[in-house]
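Source file: structure-v3.cif (mmCIF, C-alpha atoms)
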```
data_final
loop_
_atom_site.label_atom_id
_atom_site.label_comp_id
_atom_site.auth_asym_id
_atom_site.auth_seq_id
_atom_site.Cartn_x
_atom_site.Cartn_y
_atom_site.Cartn_z
CA MET A 19 189.61 -131.70 15.64
CA SER A 20 189.15 -127.98 16.33
CA VAL A 21 188.58 -125.46 13.57
CA ILE A 22 191.86 -123.72 14.43
CA ALA A 23 193.77 -127.02 14.12
CA GLU A 24 192.26 -127.63 10.69
CA ARG A 25 193.10 -124.11 9.51
CA LEU A 26 196.62 -124.47 10.86
CA ASP A 27 197.08 -127.81 9.08
CA ALA A 28 195.96 -126.19 5.81
CA PHE A 29 198.44 -123.35 6.36
CA ARG A 30 201.29 -125.77 7.07
CA GLU A 31 200.45 -127.61 3.85
CA SER A 32 200.50 -124.33 1.96
CA ILE A 33 203.97 -123.51 3.34
CA LEU A 34 205.34 -126.88 2.16
CA LEU A 35 203.74 -126.39 -1.23
CA ASN A 36 205.37 -122.98 -1.61
CA LEU A 37 208.81 -124.28 -0.63
CA GLY A 38 208.73 -126.39 -3.79
CA ALA A 39 206.85 -124.17 -6.18
CA GLY A 40 205.84 -120.67 -5.25
CA ALA A 41 206.75 -117.71 -3.11
CA LEU A 42 209.24 -119.64 -0.96
CA GLU A 43 210.96 -121.48 -3.82
CA ASN A 44 213.95 -119.13 -3.83
CA GLU A 45 213.56 -117.79 -0.32
CA THR A 46 216.53 -118.12 2.03
CA LEU A 47 215.22 -118.80 5.50
CA PRO A 48 217.40 -116.78 7.88
CA VAL A 49 217.14 -118.95 10.99
CA VAL A 50 219.27 -122.10 10.95
CA ASP A 51 219.80 -124.40 13.93
CA VAL A 52 223.13 -125.76 15.19
CA GLN A 53 222.85 -128.69 12.79
CA GLY A 54 222.40 -126.39 9.80
CA LYS A 55 218.69 -127.18 9.45
CA CYS A 56 215.93 -124.59 9.09
CA PRO A 57 213.12 -124.84 11.65
CA ILE A 58 209.73 -123.54 10.48
CA VAL A 59 206.90 -122.69 12.86
CA ALA A 60 203.42 -121.83 11.59
CA ALA A 61 200.76 -119.78 13.38
CA LEU A 62 197.51 -118.03 12.58
CA ALA A 63 197.18 -114.31 13.26
CA ASP A 64 194.23 -114.91 15.60
CA GLU A 65 196.08 -117.43 17.75
CA ARG A 66 197.43 -116.22 21.09
CA LEU A 67 201.00 -114.96 21.09
CA ALA A 68 201.67 -117.15 24.13
CA VAL A 69 200.75 -120.23 22.06
CA LEU A 70 203.13 -119.14 19.31
CA MET A 71 205.91 -118.55 21.87
CA ARG A 72 205.44 -122.08 23.25
CA ARG A 73 205.58 -123.49 19.75
CA VAL A 74 208.89 -121.70 19.10
CA GLU A 75 210.24 -122.77 22.47
CA ALA A 76 209.42 -126.40 21.57
CA VAL A 77 211.77 -126.28 18.57
CA GLY A 78 214.60 -124.84 20.64
CA GLY A 79 213.75 -121.14 20.96
CA PHE A 80 214.64 -119.96 17.45
CA ALA A 81 212.65 -120.43 14.25
CA ASN A 82 211.47 -119.04 10.94
CA VAL A 83 207.95 -118.11 12.02
CA PHE A 84 205.18 -117.85 9.41
CA ILE A 85 202.00 -116.07 10.48
CA LEU A 86 198.90 -116.16 8.28
CA ASP A 87 196.41 -113.32 8.41
CA GLU A 88 193.33 -115.00 7.00
CA GLU A 89 191.48 -111.70 6.59
CA ASP A 90 193.71 -110.51 3.76
CA GLY A 91 195.54 -113.77 2.98
CA ALA A 92 198.92 -112.21 3.71
CA VAL A 93 201.67 -114.32 5.21
CA HIS A 94 204.30 -112.68 7.37
CA MET A 95 207.67 -114.32 7.86
CA VAL A 96 209.26 -113.30 11.18
CA PRO A 97 212.71 -114.57 12.11
CA PHE A 98 212.96 -115.47 15.82
CA ILE A 99 216.71 -115.29 15.78
CA ASP A 100 219.39 -115.60 18.43
CA ARG A 101 220.83 -112.42 19.84
CA ALA A 102 224.31 -113.04 18.44
CA SER A 103 222.93 -113.19 14.88
CA ALA A 104 220.68 -110.11 15.13
CA LEU A 105 222.30 -107.00 13.68
CA LEU A 106 220.60 -104.51 15.99
CA ALA A 107 220.35 -106.70 19.06
CA ASP A 108 221.52 -104.05 21.54
CA SER A 109 218.87 -101.56 20.46
CA ALA A 110 215.99 -104.04 20.23
CA GLU A 111 212.92 -103.30 22.36
CA ASP A 112 212.68 -105.53 25.44
CA LEU A 113 209.24 -107.13 25.51
CA THR A 114 209.50 -107.83 29.22
CA SER A 115 209.90 -104.18 30.20
CA ASP A 116 208.22 -102.12 27.46
CA ALA A 117 205.12 -100.42 28.86
CA ASP A 118 203.37 -100.62 25.47
CA ARG A 119 203.95 -104.33 25.04
CA PRO A 120 201.08 -106.61 24.00
CA GLY A 121 199.28 -108.18 26.97
CA PRO A 122 199.03 -111.86 27.85
CA ASP A 123 195.88 -112.24 25.75
CA ALA A 124 197.41 -110.60 22.69
CA THR A 125 197.23 -112.45 19.40
CA ALA A 126 200.05 -113.19 16.99
CA GLY A 127 198.47 -110.57 14.70
CA MET A 128 198.66 -107.90 17.44
CA PHE A 129 202.29 -108.84 17.96
CA LEU A 130 202.95 -108.26 14.23
CA SER A 131 201.46 -104.76 14.52
CA TYR A 132 203.61 -104.10 17.61
CA LEU A 133 206.72 -105.44 15.88
CA GLU A 134 206.19 -103.12 12.92
CA LEU A 135 206.60 -100.19 15.33
CA LYS A 136 209.95 -101.54 16.51
CA PRO A 137 212.43 -101.26 13.62
CA ASN A 138 215.28 -102.74 15.68
CA GLY A 139 213.29 -105.80 16.60
CA VAL A 140 211.92 -107.06 19.89
CA LEU A 141 213.82 -109.03 22.52
CA LEU A 142 211.50 -111.85 23.49
CA PRO A 143 211.10 -113.51 26.87
CA ALA A 144 212.64 -116.93 27.33
CA ARG A 145 213.14 -119.31 30.18
CA LEU A 146 216.87 -119.03 29.82
CA GLU A 147 217.87 -115.44 30.48
CA ASP A 148 221.01 -115.69 28.35
CA ASP A 149 219.23 -117.31 25.46
CA ARG A 150 216.47 -114.90 24.57
CA PRO A 151 215.50 -114.74 20.90
CA ILE A 152 214.93 -111.49 19.02
CA ALA A 153 212.02 -111.09 16.61
CA THR A 154 213.16 -108.96 13.71
CA GLN A 155 211.10 -107.12 11.10
CA PRO A 156 208.45 -109.25 9.35
CA ARG A 157 208.41 -109.71 5.59
CA GLU A 158 205.11 -110.06 3.79
CA LEU A 159 204.74 -112.93 1.32
CA GLN A 160 201.86 -114.07 -0.86
CA LEU A 161 201.61 -117.84 -0.86
CA HIS A 162 199.61 -119.76 -3.45
CA MET B 7 197.61 -185.04 -13.51
CA ALA B 8 200.41 -183.85 -15.85
CA VAL B 9 197.89 -181.66 -17.69
CA ASP B 10 196.90 -179.99 -14.38
CA LYS B 11 200.56 -179.29 -13.54
CA ASN B 12 201.12 -177.77 -16.99
CA ARG B 13 198.09 -175.55 -16.52
CA GLN B 14 199.35 -174.42 -13.12
CA ARG B 15 202.79 -173.62 -14.58
CA HIS B 16 201.22 -171.61 -17.41
CA ALA B 17 198.99 -169.77 -14.97
CA ALA B 18 201.99 -168.94 -12.76
CA ARG B 19 203.95 -167.68 -15.79
CA ARG B 20 201.02 -165.56 -16.92
CA ALA B 21 200.70 -164.10 -13.42
CA GLU B 22 204.44 -163.29 -13.28
CA ALA B 23 204.28 -161.67 -16.72
CA ALA B 24 201.27 -159.62 -15.63
CA ILE B 25 203.14 -158.42 -12.53
CA ARG B 26 206.22 -157.55 -14.62
CA ALA B 27 204.09 -155.64 -17.10
CA ALA B 28 202.33 -153.77 -14.29
CA LEU B 29 205.68 -152.84 -12.73
CA GLU B 30 207.00 -151.66 -16.09
CA ARG B 31 203.88 -149.52 -16.53
CA GLU B 32 204.43 -148.07 -13.04
CA GLN B 33 208.11 -147.24 -13.50
CA GLY B 34 208.99 -144.41 -15.83
CA ASP B 35 212.26 -143.61 -17.57
CA TYR B 36 213.23 -140.62 -15.43
CA ARG B 37 216.34 -140.84 -13.26
CA PRO B 38 217.32 -137.75 -11.25
CA ALA B 39 220.64 -136.09 -12.02
CA PRO B 40 223.36 -137.06 -9.51
CA ARG B 41 222.86 -135.03 -6.33
CA GLU B 42 226.45 -133.75 -6.43
CA GLU B 43 225.59 -132.02 -9.72
CA CYS B 44 222.50 -130.32 -8.24
CA ASP B 45 221.77 -127.47 -5.84
CA PRO B 46 220.34 -128.92 -2.64
CA SER B 47 217.97 -126.88 -0.53
CA PRO B 48 218.75 -126.67 3.17
CA VAL B 49 217.05 -129.31 5.26
CA ARG B 50 213.84 -127.69 6.50
CA TYR B 51 211.58 -129.08 9.17
CA MET B 52 208.17 -128.08 10.42
CA PRO B 53 206.51 -129.57 13.50
CA VAL B 54 202.90 -130.62 13.06
CA ASP B 55 202.17 -130.56 16.80
CA ASP B 56 202.64 -127.92 19.49
CA SER B 57 205.16 -129.99 21.42
CA ALA B 58 207.36 -130.42 18.31
CA THR B 59 207.62 -134.19 18.76
CA LEU B 60 206.39 -134.91 15.23
CA ARG B 61 207.69 -133.09 12.19
CA ILE B 62 207.90 -133.11 8.41
CA VAL B 63 211.43 -132.79 7.03
CA THR B 64 211.85 -131.49 3.48
CA ARG B 65 214.73 -131.56 1.02
CA ILE B 66 214.65 -130.43 -2.59
CA TRP B 67 217.33 -130.70 -5.29
CA ARG B 68 217.37 -128.46 -8.34
CA GLN B 69 219.49 -128.21 -11.47
CA SER B 70 219.43 -124.93 -13.41
CA GLY B 71 216.42 -123.96 -11.31
CA ARG B 72 214.40 -127.08 -12.16
CA MET B 73 213.38 -129.52 -9.46
CA THR B 74 215.17 -132.82 -10.02
CA GLU B 75 213.97 -134.65 -6.90
CA PHE B 76 212.61 -134.15 -3.39
CA THR B 77 212.20 -136.07 -0.17
CA PHE B 78 209.64 -135.69 2.60
CA THR B 79 210.11 -137.57 5.85
CA VAL B 80 207.78 -137.75 8.85
CA GLU B 81 209.94 -137.99 11.94
CA ALA B 82 209.12 -138.59 15.60
CA GLY B 83 211.30 -137.20 18.37
CA ASP B 84 212.92 -139.13 21.16
CA TRP B 85 212.53 -137.93 24.76
CA GLY B 86 216.00 -139.20 25.63
CA ASP B 87 217.83 -137.21 23.00
CA ALA B 88 216.69 -133.91 21.49
CA ASP B 89 218.80 -134.60 18.39
CA SER B 90 217.50 -138.11 17.81
CA TRP B 91 214.60 -138.55 15.39
CA GLU B 92 213.02 -141.70 14.07
CA SER B 93 211.77 -141.84 10.46
CA LEU B 94 208.17 -143.06 10.37
CA ALA B 95 207.29 -142.57 6.70
CA ARG B 96 208.92 -141.08 3.62
CA ILE B 97 208.11 -139.94 0.10
CA ASP B 98 210.90 -139.71 -2.47
CA CYS B 99 211.66 -139.94 -6.19
CA LYS B 100 213.68 -142.95 -7.28
CA GLY B 101 213.61 -145.67 -9.94
CA GLY B 102 211.25 -143.79 -12.26
CA THR B 103 208.55 -143.25 -9.64
CA CYS B 104 207.57 -140.89 -6.90
CA HIS B 105 206.63 -143.24 -4.11
CA GLU B 106 205.69 -143.51 -0.49
CA HIS B 107 207.51 -145.66 2.05
CA PRO B 108 204.54 -146.31 4.30
CA VAL B 109 204.32 -146.18 8.09
CA GLY B 110 205.59 -149.44 9.57
CA ARG B 111 206.88 -150.64 6.16
CA LEU B 112 209.75 -148.29 5.34
CA ASP B 113 211.47 -150.93 3.17
CA ASP B 114 208.35 -151.26 1.06
CA HIS B 115 207.02 -148.64 -1.33
CA VAL B 116 203.73 -147.59 -2.89
CA THR B 117 203.85 -145.67 -6.16
CA LEU B 118 202.24 -142.24 -6.16
CA HIS B 119 203.19 -141.30 -9.70
CA ARG B 120 205.23 -142.56 -12.63
CA LEU B 121 208.15 -140.27 -13.56
CA ASP B 122 209.14 -140.09 -17.21
CA ASN B 123 210.88 -136.74 -17.27
CA ILE B 124 211.98 -133.85 -15.06
CA ASP B 125 208.66 -132.02 -15.50
CA ASP B 126 206.89 -134.94 -13.84
CA VAL B 127 208.81 -134.24 -10.61
CA GLN B 128 207.43 -130.70 -10.35
CA ALA B 129 204.01 -131.94 -11.40
CA VAL B 130 203.79 -134.57 -8.66
CA TYR B 131 205.15 -132.29 -5.92
CA PRO B 132 201.71 -130.93 -4.81
CA ARG B 133 200.32 -134.45 -4.57
CA ALA B 134 203.30 -135.55 -2.47
CA VAL B 135 202.84 -132.52 -0.17
CA SER B 136 199.21 -133.40 0.31
CA ARG B 137 200.02 -137.06 1.02
CA ILE B 138 202.85 -136.42 3.50
CA ASN B 139 200.62 -134.00 5.42
CA GLU B 140 197.88 -136.58 5.46
CA ILE B 141 200.29 -139.18 6.90
CA ALA B 142 201.65 -136.79 9.54
CA ARG B 143 198.15 -135.75 10.62
CA MET B 144 197.04 -139.37 10.82
CA ILE B 145 199.97 -140.25 13.12
CA ARG B 146 199.46 -137.14 15.24
CA ASP B 147 195.71 -137.53 15.60
CA ARG B 148 196.00 -141.16 16.73
CA ARG B 149 198.25 -140.18 19.63
CA PRO B 150 196.77 -139.73 23.09
CA ARG B 151 195.88 -136.09 23.81
#
```
Step by step, read the file and then write its structure as structure tokens.
Amino acid sequence: MSVIAERLDAFRESILLNLGAGALENETLPVVDVQGKCPIVAALADERLAVLMRRVEAVGGFANVFILDEEDGAVHMVPFIDRASALLADSAEDLTSDADRPGPDATAGMFLSYLELKPNGVLLPARLEDDRPIATQPRELQLH
Amino acid sequence: MAVDKNRQRHAARRAEAAIRAALEREQGDYRPAPREECDPSPVRYMPVDDSATLRIVTRIWRQSGRMTEFTFTVEAGDWGDADSWESLARIDCKGGTCHEHPVGRLDDHVTLHRLDNIDDVQAVYPRAVSRINEIARMIRDRRPR
């Protein structure tokens, strides 16, 4: 197993641990699927953004995304939410047309930095044009 | 001959008593409050693979902020139906124990921890998290790449 896979497994375990006892114990996860369940997607800050996007796409295009920055231990929760549920959807930055957008080799961590510059969120690419998720402002959490 | 049969009967009784005693030691007194009297968490699920065909589903019940019980289920997706998931293994809290329903033997259970009071539920939670992740990883890593 690769080192990244092992680190990711450890991060996933930490998320589950904190849902029961810790920073996520009383956290309301904003993204809920059509069945009323909360999808959670984990990623490391040094993984490629494209990998994260595929992971979100695999759960249906919308998810509560947790990104771990292992350098400072901070965890960022980013809702990848559907356009209808995003408050500022019409003024969100469009990732497909913004000249300053992160490139194809950008990491999830670079995307977080980019997202912090976009207070109205970022409209993400999707295979279905009418079903593009919006990434809204990240929240920093400290997991145990 | 009759003496041998008597010995066998005594041995069988002793064995049954030993099993009963072991089960009693395993099972604690704790019974979770009825779910309708508790606050359930939403159902949360987290894939453990990039294709999201294997996931851990979590539910937690609390009463006055204290964890009364939890369930973890490892589920595998079905190509034919995006909403259809098969339970492969489960950990839950019932009958005075926190126990695992192992892969391939969902009707069976293996005790992880005896539960005597509500504090035991919170105490065993980290161990259950560790175990359910171990099970999910084992299933995932045995699949063809």
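Atom CA of A:Ser131 sits 20.7 Å away from atom CA of A:Arg150.
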At most 6 Å to chain A: residues in chain B, all atoms listed in the file, as a PyMOL selection string: chain B and resi 49-52+56-58
Find the spatial neighbours of B:Phe78, counting only C-alpha atoms, within a cut-off of 12 Å - ignore same-chain residues fewer than 3 positions away - and output them as a short mmCIF file (atom, residue, chain, number, x, y, z; two decimals) with C-alpha atoms, in the coordinates of the input.
```cif
data_model
loop_
_atom_site.label_atom_id
_atom_site.label_comp_id
_atom_site.auth_asym_id
_atom_site.auth_seq_id
_atom_site.Cartn_x
_atom_site.Cartn_y
_atom_site.Cartn_z
CA LEU A 34 205.34 -126.88 2.16
CA LEU A 35 203.74 -126.39 -1.23
CA LEU A 37 208.81 -124.28 -0.63
CA GLY A 38 208.73 -126.39 -3.79
CA VAL B 49 217.05 -129.31 5.26
CA ARG B 50 213.84 -127.69 6.50
CA TYR B 51 211.58 -129.08 9.17
CA MET B 52 208.17 -128.08 10.42
CA ARG B 61 207.69 -133.09 12.19
CA ILE B 62 207.90 -133.11 8.41
CA VAL B 63 211.43 -132.79 7.03
CA THR B 64 211.85 -131.49 3.48
CA ARG B 65 214.73 -131.56 1.02
CA ILE B 66 214.65 -130.43 -2.59
CA GLU B 75 213.97 -134.65 -6.90
CA GLU B 81 209.94 -137.99 11.94
CA SER B 93 211.77 -141.84 10.46
CA LEU B 94 208.17 -143.06 10.37
CA ALA B 95 207.29 -142.57 6.70
CA ARG B 96 208.92 -141.08 3.62
CA ILE B 97 208.11 -139.94 0.10
CA ASP B 98 210.90 -139.71 -2.47
CA CYS B 99 211.66 -139.94 -6.19
CA CYS B 104 207.57 -140.89 -6.90
CA HIS B 105 206.63 -143.24 -4.11
CA GLU B 106 205.69 -143.51 -0.49
CA HIS B 107 207.51 -145.66 2.05
CA PRO B 108 204.54 -146.31 4.30
CA TYR B 131 205.15 -132.29 -5.92
CA PRO B 132 201.71 -130.93 -4.81
CA ARG B 133 200.32 -134.45 -4.57
CA ALA B 134 203.30 -135.55 -2.47
CA VAL B 135 202.84 -132.52 -0.17
CA SER B 136 199.21 -133.40 0.31
CA ARG B 137 200.02 -137.06 1.02
CA ILE B 138 202.85 -136.42 3.50
CA ASN B 139 200.62 -134.00 5.42
CA ILE B 141 200.29 -139.18 6.90
CA ALA B 142 201.65 -136.79 9.54
#
```
Resolved residues for the PyMOL selection byres ((chain A and resi 141) around 6) as a ChimeraX atom specification: /A:110-113,140,142,152
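Comparing B:Ala129, B:Gln33, B:Gly110, B:Gly83 by their smallest distance to B:Asp55, the closest is B:Gly83 (using all atoms listed in the file).
Straight-line separation from atom CA of B:Ser70 to atom CA of B:Pro40: 13.3 Å.
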Reference answer for the PyMOL selection byres ((chain B and resi 120) around 6), as a VMD selection string: chain B and resid 32 to 34 103 119 121
Residues selected by the PyMOL selection byres ((chain A and resi 134) around 12), written as an mmCIF file with C-alpha atoms, in the coordinates of the input:
```
data_model
loop_
_atom_site.group_PDB
_atom_site.id
_atom_site.type_symbol
_atom_site.label_atom_id
_atom_site.label_comp_id
_atom_site.auth_asym_id
_atom_site.auth_seq_id
_atom_site.Cartn_x
_atom_site.Cartn_y
_atom_site.Cartn_z
ATOM 1 C CA HIS A 94 204.300 -112.680 7.370
ATOM 2 C CA VAL A 96 209.260 -113.300 11.180
ATOM 3 C CA GLU A 111 212.920 -103.300 22.360
ATOM 4 C CA GLY A 127 198.470 -110.570 14.700
ATOM 5 C CA MET A 128 198.660 -107.900 17.440
ATOM 6 C CA PHE A 129 202.290 -108.840 17.960
ATOM 7 C CA LEU A 130 202.950 -108.260 14.230
ATOM 8 C CA SER A 131 201.460 -104.760 14.520
ATOM 9 C CA TYR A 132 203.610 -104.100 17.610
ATOM 10 C CA LEU A 133 206.720 -105.440 15.880
ATOM 11 C CA LEU A 135 206.600 -100.190 15.330
ATOM 12 C CA LYS A 136 209.950 -101.540 16.510
ATOM 13 C CA PRO A 137 212.430 -101.260 13.620
ATOM 14 C CA ASN A 138 215.280 -102.740 15.680
ATOM 15 C CA GLY A 139 213.290 -105.800 16.600
ATOM 16 C CA VAL A 140 211.920 -107.060 19.890
ATOM 17 C CA ALA A 153 212.020 -111.090 16.610
ATOM 18 C CA THR A 154 213.160 -108.960 13.710
ATOM 19 C CA GLN A 155 211.100 -107.120 11.100
ATOM 20 C CA PRO A 156 208.450 -109.250 9.350
ATOM 21 C CA ARG A 157 208.410 -109.710 5.590
ATOM 22 C CA GLU A 158 205.110 -110.060 3.790
#
```
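Separating atom CA of B:Arg148 from atom CA of B:Thr77 is a distance of 24.0 Å.
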